[in-house]
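Source file work_20.cif; content: mmCIF, C-alpha atoms.
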```
data_input
#
loop_
_atom_site.group_PDB
_atom_site.id
_atom_site.type_symbol
_atom_site.label_atom_id
_atom_site.label_comp_id
_atom_site.auth_asym_id
_atom_site.auth_seq_id
_atom_site.Cartn_x
_atom_site.Cartn_y
_atom_site.Cartn_z
ATOM 1 C CA GLN A 1 168.943 183.715 88.049
ATOM 2 C CA VAL A 2 167.625 183.049 91.543
ATOM 3 C CA GLN A 3 169.985 181.614 94.133
ATOM 4 C CA LEU A 4 168.910 180.176 97.464
ATOM 5 C CA VAL A 5 171.206 179.956 100.491
ATOM 6 C CA GLU A 6 170.139 178.097 103.634
ATOM 7 C CA SER A 7 171.527 178.689 107.106
ATOM 8 C CA GLY A 8 170.710 177.912 110.711
ATOM 9 C CA GLY A 9 171.316 174.198 110.831
ATOM 10 C CA GLY A 10 173.257 172.534 113.618
ATOM 11 C CA LEU A 11 173.264 170.026 116.438
ATOM 12 C CA VAL A 12 170.484 170.149 119.011
ATOM 13 C CA GLN A 13 169.145 167.823 121.679
ATOM 14 C CA ALA A 14 165.770 166.195 121.333
ATOM 15 C CA GLY A 15 163.045 168.578 122.427
ATOM 16 C CA GLY A 16 165.043 171.599 121.378
ATOM 17 C CA SER A 17 164.464 174.178 118.674
ATOM 18 C CA LEU A 18 166.185 175.561 115.602
ATOM 19 C CA ARG A 19 165.252 178.180 113.057
ATOM 20 C CA LEU A 20 166.363 177.717 109.493
ATOM 21 C CA SER A 21 166.617 180.625 107.093
ATOM 22 C CA CYS A 22 166.708 180.674 103.320
ATOM 23 C CA ALA A 23 167.896 183.855 101.669
ATOM 24 C CA ALA A 24 167.013 184.357 98.028
ATOM 25 C CA SER A 25 168.631 186.582 95.476
ATOM 26 C CA GLY A 26 166.553 188.352 92.861
ATOM 27 C CA ARG A 27 163.897 191.002 92.845
ATOM 28 C CA THR A 28 160.916 188.713 92.233
ATOM 29 C CA PHE A 29 161.157 186.559 95.360
ATOM 30 C CA SER A 30 157.711 187.633 96.499
ATOM 31 C CA ARG A 31 156.129 185.925 93.468
ATOM 32 C CA TYR A 32 157.320 182.429 94.345
ATOM 33 C CA THR A 33 155.829 179.656 96.378
ATOM 34 C CA MET A 34 158.639 178.467 98.640
ATOM 35 C CA GLY A 35 159.160 175.102 100.236
ATOM 36 C CA TRP A 36 161.351 173.207 102.649
ATOM 37 C CA PHE A 37 162.368 169.621 102.033
ATOM 38 C CA ARG A 38 164.660 167.238 103.861
ATOM 39 C CA GLN A 39 166.699 164.156 103.127
ATOM 40 C CA ALA A 40 167.906 161.759 105.774
ATOM 41 C CA PRO A 41 170.773 159.328 105.126
ATOM 42 C CA GLY A 42 169.621 156.424 103.009
ATOM 43 C CA LYS A 43 166.197 157.934 102.432
ATOM 44 C CA GLU A 44 164.528 159.851 99.651
ATOM 45 C CA ARG A 45 164.028 163.583 99.868
ATOM 46 C CA GLU A 46 160.674 164.425 101.408
ATOM 47 C CA PHE A 47 158.427 167.452 101.604
ATOM 48 C CA VAL A 48 158.384 169.319 104.915
ATOM 49 C CA ALA A 49 156.487 172.583 104.442
ATOM 50 C CA ALA A 50 155.476 175.175 101.876
ATOM 51 C CA ILE A 51 154.206 178.734 101.822
ATOM 52 C CA THR A 52 152.502 180.653 99.036
ATOM 53 C CA TRP A 53 153.781 183.949 97.690
ATOM 54 C CA SER A 54 151.777 186.124 100.064
ATOM 55 C CA GLY A 55 152.206 183.875 103.066
ATOM 56 C CA GLY A 56 148.473 183.393 103.148
ATOM 57 C CA ASN A 57 148.607 179.641 102.755
ATOM 58 C CA THR A 58 150.926 177.173 104.400
ATOM 59 C CA TYR A 59 151.212 173.410 104.070
ATOM 60 C CA TYR A 60 152.949 170.844 106.246
ATOM 61 C CA ALA A 61 153.870 167.205 106.206
ATOM 62 C CA ASP A 62 151.948 165.270 108.826
ATOM 63 C CA SER A 63 155.213 164.367 110.558
ATOM 64 C CA VAL A 64 155.977 168.016 111.393
ATOM 65 C CA LYS A 65 152.517 169.504 111.758
ATOM 66 C CA GLY A 66 152.170 171.299 115.083
ATOM 67 C CA ARG A 67 155.940 171.423 115.617
ATOM 68 C CA PHE A 68 157.293 173.313 112.600
ATOM 69 C CA THR A 69 156.220 176.706 111.278
ATOM 70 C CA ILE A 70 157.077 178.127 107.869
ATOM 71 C CA SER A 71 157.023 181.873 107.327
ATOM 72 C CA ARG A 72 158.448 184.451 104.960
ATOM 73 C CA ASP A 73 159.552 188.043 104.901
ATOM 74 C CA ASN A 74 159.301 189.277 101.326
ATOM 75 C CA ALA A 75 161.005 192.548 102.200
ATOM 76 C CA LYS A 76 164.064 190.533 103.228
ATOM 77 C CA ASN A 77 163.765 187.915 100.472
ATOM 78 C CA THR A 78 163.870 185.266 103.174
ATOM 79 C CA VAL A 79 161.824 182.234 104.131
ATOM 80 C CA TYR A 80 162.095 180.634 107.550
ATOM 81 C CA LEU A 81 161.415 177.272 109.117
ATOM 82 C CA GLN A 82 160.946 177.370 112.881
ATOM 83 C CA MET A 83 161.416 173.871 114.236
ATOM 84 C CA ASN A 84 160.296 173.109 117.779
ATOM 85 C CA LYS A 85 160.111 169.902 119.793
ATOM 86 C CA LEU A 86 162.734 168.355 117.561
ATOM 87 C CA LYS A 87 163.057 164.592 117.432
ATOM 88 C CA PRO A 88 165.991 162.387 116.393
ATOM 89 C CA GLU A 89 163.989 161.394 113.315
ATOM 90 C CA ASP A 90 164.102 165.023 112.180
ATOM 91 C CA THR A 91 167.818 164.589 111.525
ATOM 92 C CA ALA A 92 168.442 165.336 107.853
ATOM 93 C CA VAL A 93 169.835 167.806 105.369
ATOM 94 C CA TYR A 94 167.199 170.489 104.931
ATOM 95 C CA TYR A 95 166.750 172.158 101.565
ATOM 96 C CA CYS A 96 164.984 175.309 100.557
ATOM 97 C CA ALA A 97 163.273 175.339 97.171
ATOM 98 C CA ALA A 98 161.301 177.714 94.985
ATOM 99 C CA GLN A 99 158.699 177.383 92.252
ATOM 100 C CA ILE A 100 160.177 179.754 89.699
ATOM 101 C CA HIS A 101 158.981 178.771 86.224
ATOM 102 C CA SER A 102 156.179 176.331 86.962
ATOM 103 C CA ALA A 103 154.296 174.570 89.728
ATOM 104 C CA GLU A 104 157.326 172.347 90.207
ATOM 105 C CA TYR A 105 160.155 173.207 92.567
ATOM 106 C CA ASP A 106 162.866 174.076 90.062
ATOM 107 C CA CYS A 107 165.348 176.069 92.133
ATOM 108 C CA TRP A 108 167.157 174.534 95.110
ATOM 109 C CA GLY A 109 169.583 175.618 97.768
ATOM 110 C CA GLN A 110 172.667 173.678 98.805
ATOM 111 C CA GLY A 111 171.146 172.398 102.028
ATOM 112 C CA THR A 112 171.898 172.738 105.727
ATOM 113 C CA GLN A 113 172.476 169.859 108.147
ATOM 114 C CA VAL A 114 170.194 169.415 111.132
ATOM 115 C CA THR A 115 171.191 166.791 113.679
ATOM 116 C CA VAL A 116 168.995 165.969 116.654
ATOM 117 C CA SER A 117 170.590 163.897 119.400
ATOM 118 C CA SER A 118 168.592 161.665 121.688
#
```

Show me, as structure tokens, the structure contained in the file I just sent.
Amino acid sequence: QVQLVESGGGLVQAGGSLRLSCAASGRTFSRYTMGWFRQAPGKEREFVAAITWSGGNTYYADSVKGRFTISRDNAKNTVYLQMNKLKPEDTAVYYCAAQIHSAEYDCWGQGTQVTVSS
């Protein structure tokens, strides 16, 4: 069973940066497409970024394109989300997710809080 554990969240001023990490258990991490999602208070969870198993393809929501970068280190079973030029509207709980058994994201971490002050 794959488990995902996020870290790196916190409080930062607008314009600042944070790097989120998602550590995965299991020996087959390198096979999975990984994604980051976020959920702000009172809003639905939304897609942020995704990266294919080899890291060769990345995808971003329009709202973060040019500011956020997703990457992975398969040797460390870890996926990262580098967030630059943060805005107050980026405030949310950020979740890491994996496509384990299908093209759907079916494995989720517990989330890490990111708060951006104005």

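With all atoms listed in the file as the atoms that count, the residue of A:Arg19, A:Glu104, A:Val5, A:Lys85 with the shortest distance to Ile70 in chain A is A:Arg19.
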
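The space separating CA of Met83 in chain A from CA of Tyr105 in chain A comes to 21.7 Å.
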
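Counting all atoms listed in the file, the residue from A:Thr115, A:Asn57, A:Ser71, A:Thr28 that sits nearest to Ala92 in chain A is A:Thr115.
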
Box in all listed atoms of range 51-70 of chain A, axis-aligned, with 5 Å more on each side; write out centre and edge lengths in Å to one decimal as AutoDock Vina command-line options.
```
--center_x 152.9 --center_y 175.2 --center_z 106.7 --size_x 18.8 --size_y 31.8 --size_z 27.9
```

Query raised in the report: Using all atoms listed in the file, which residues sit within 6 Å of Arg38 in chain A once same-chain residues fewer than 2 positions away are excluded, as number ranges by chain?
Result: A: 45-46, 92-95

Query - Residue neighbourhood Ala75 in chain A, 10 Å, only C-alpha atoms, exclusion window fewer than 6 positions, as a PyMOL selection string - result: chain A and resi 27+29-30

Query - Point (154.8, 176.5, 108.3), cut-off 7 Å, counting all atoms listed in the file, residues as a VMD selection string - result: chain A and resid 49 to 51 58 to 60 68 to 71 81

Saved selection, atoms kept: C-alpha atoms, as an mmCIF file, keeping the file's coordinate frame:
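What follows is the written file again04.cif:
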```
data_model
loop_
_atom_site.group_PDB
_atom_site.id
_atom_site.type_symbol
_atom_site.label_atom_id
_atom_site.label_comp_id
_atom_site.auth_asym_id
_atom_site.auth_seq_id
_atom_site.Cartn_x
_atom_site.Cartn_y
_atom_site.Cartn_z
ATOM 1 C CA ALA A 49 156.487 172.583 104.442
ATOM 2 C CA ALA A 50 155.476 175.175 101.876
ATOM 3 C CA ILE A 51 154.206 178.734 101.822
ATOM 4 C CA THR A 58 150.926 177.173 104.400
ATOM 5 C CA TYR A 59 151.212 173.410 104.070
ATOM 6 C CA TYR A 60 152.949 170.844 106.246
ATOM 7 C CA PHE A 68 157.293 173.313 112.600
ATOM 8 C CA THR A 69 156.220 176.706 111.278
ATOM 9 C CA ILE A 70 157.077 178.127 107.869
ATOM 10 C CA SER A 71 157.023 181.873 107.327
ATOM 11 C CA LEU A 81 161.415 177.272 109.117
#
```

Report task. Report the distance between CA of Gly10 in chain A and CA of Gln113 in chain A in Å, rounded to one decimal place. Result -> 6.1 Å

Requested in this report: Go ahead and compute the interatomic distance for CA of Ala97 in chain A and CA of Gly55 in chain A, in Å to one decimal.
Outcome: 15.2 Å

Would you mind listing, for every residue of range 65-96 of chain A within 7 Å of range 20-25 of chain A, the two atoms forming the shortest contact and the distance between them in Å to one decimal, using only C-alpha atoms, sorted by chain and ascending residue number, as a Markdown table?
```
| residue | atom | partner | partner_atom | distance |
| --- | --- | --- | --- | --- |
| A:Asn77 | CA | A:Ala24 | CA | 5.4 |
| A:Thr78 | CA | A:Ala23 | CA | 4.5 |
| A:Val79 | CA | A:Cys22 | CA | 5.2 |
| A:Tyr80 | CA | A:Ser21 | CA | 4.5 |
| A:Leu81 | CA | A:Leu20 | CA | 5.0 |
| A:Gln82 | CA | A:Leu20 | CA | 6.4 |
| A:Cys96 | CA | A:Cys22 | CA | 6.3 |
```

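If you measure from each of A:Gly56, A:Gln110, A:Glu6, A:Val12 to Thr33 in chain A using only C-alpha atoms, the closest one turns out to be A:Gly56.
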
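Proximity ranking of A:Ala103, A:Gln1, A:Glu89, A:Pro41 relative to Ser63 in chain A places A:Glu89 first, based on all atoms listed in the file.
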
Query - Near-His101 in chain A list (10 Å; only C-alpha atoms; drop same-chain fewer than 5 positions) as a VMD selection string - result: chain A and resid 32 106 to 107

Query raised in the report: For Gly35 in chain A, which of A:Leu18, A:Leu86, A:Ala61, A:Val114 is the closest residue, counting only C-alpha atoms?
Result: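 Counting only C-alpha atoms, the residue closest to Gly35 in chain A is A:Ala61.
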
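Residue nearest Gly42 in chain A within the list A:Thr91, A:Gly16, A:Asp73, A:Leu11: A:Thr91 [criterion: smallest interatomic distance, only C-alpha atoms].
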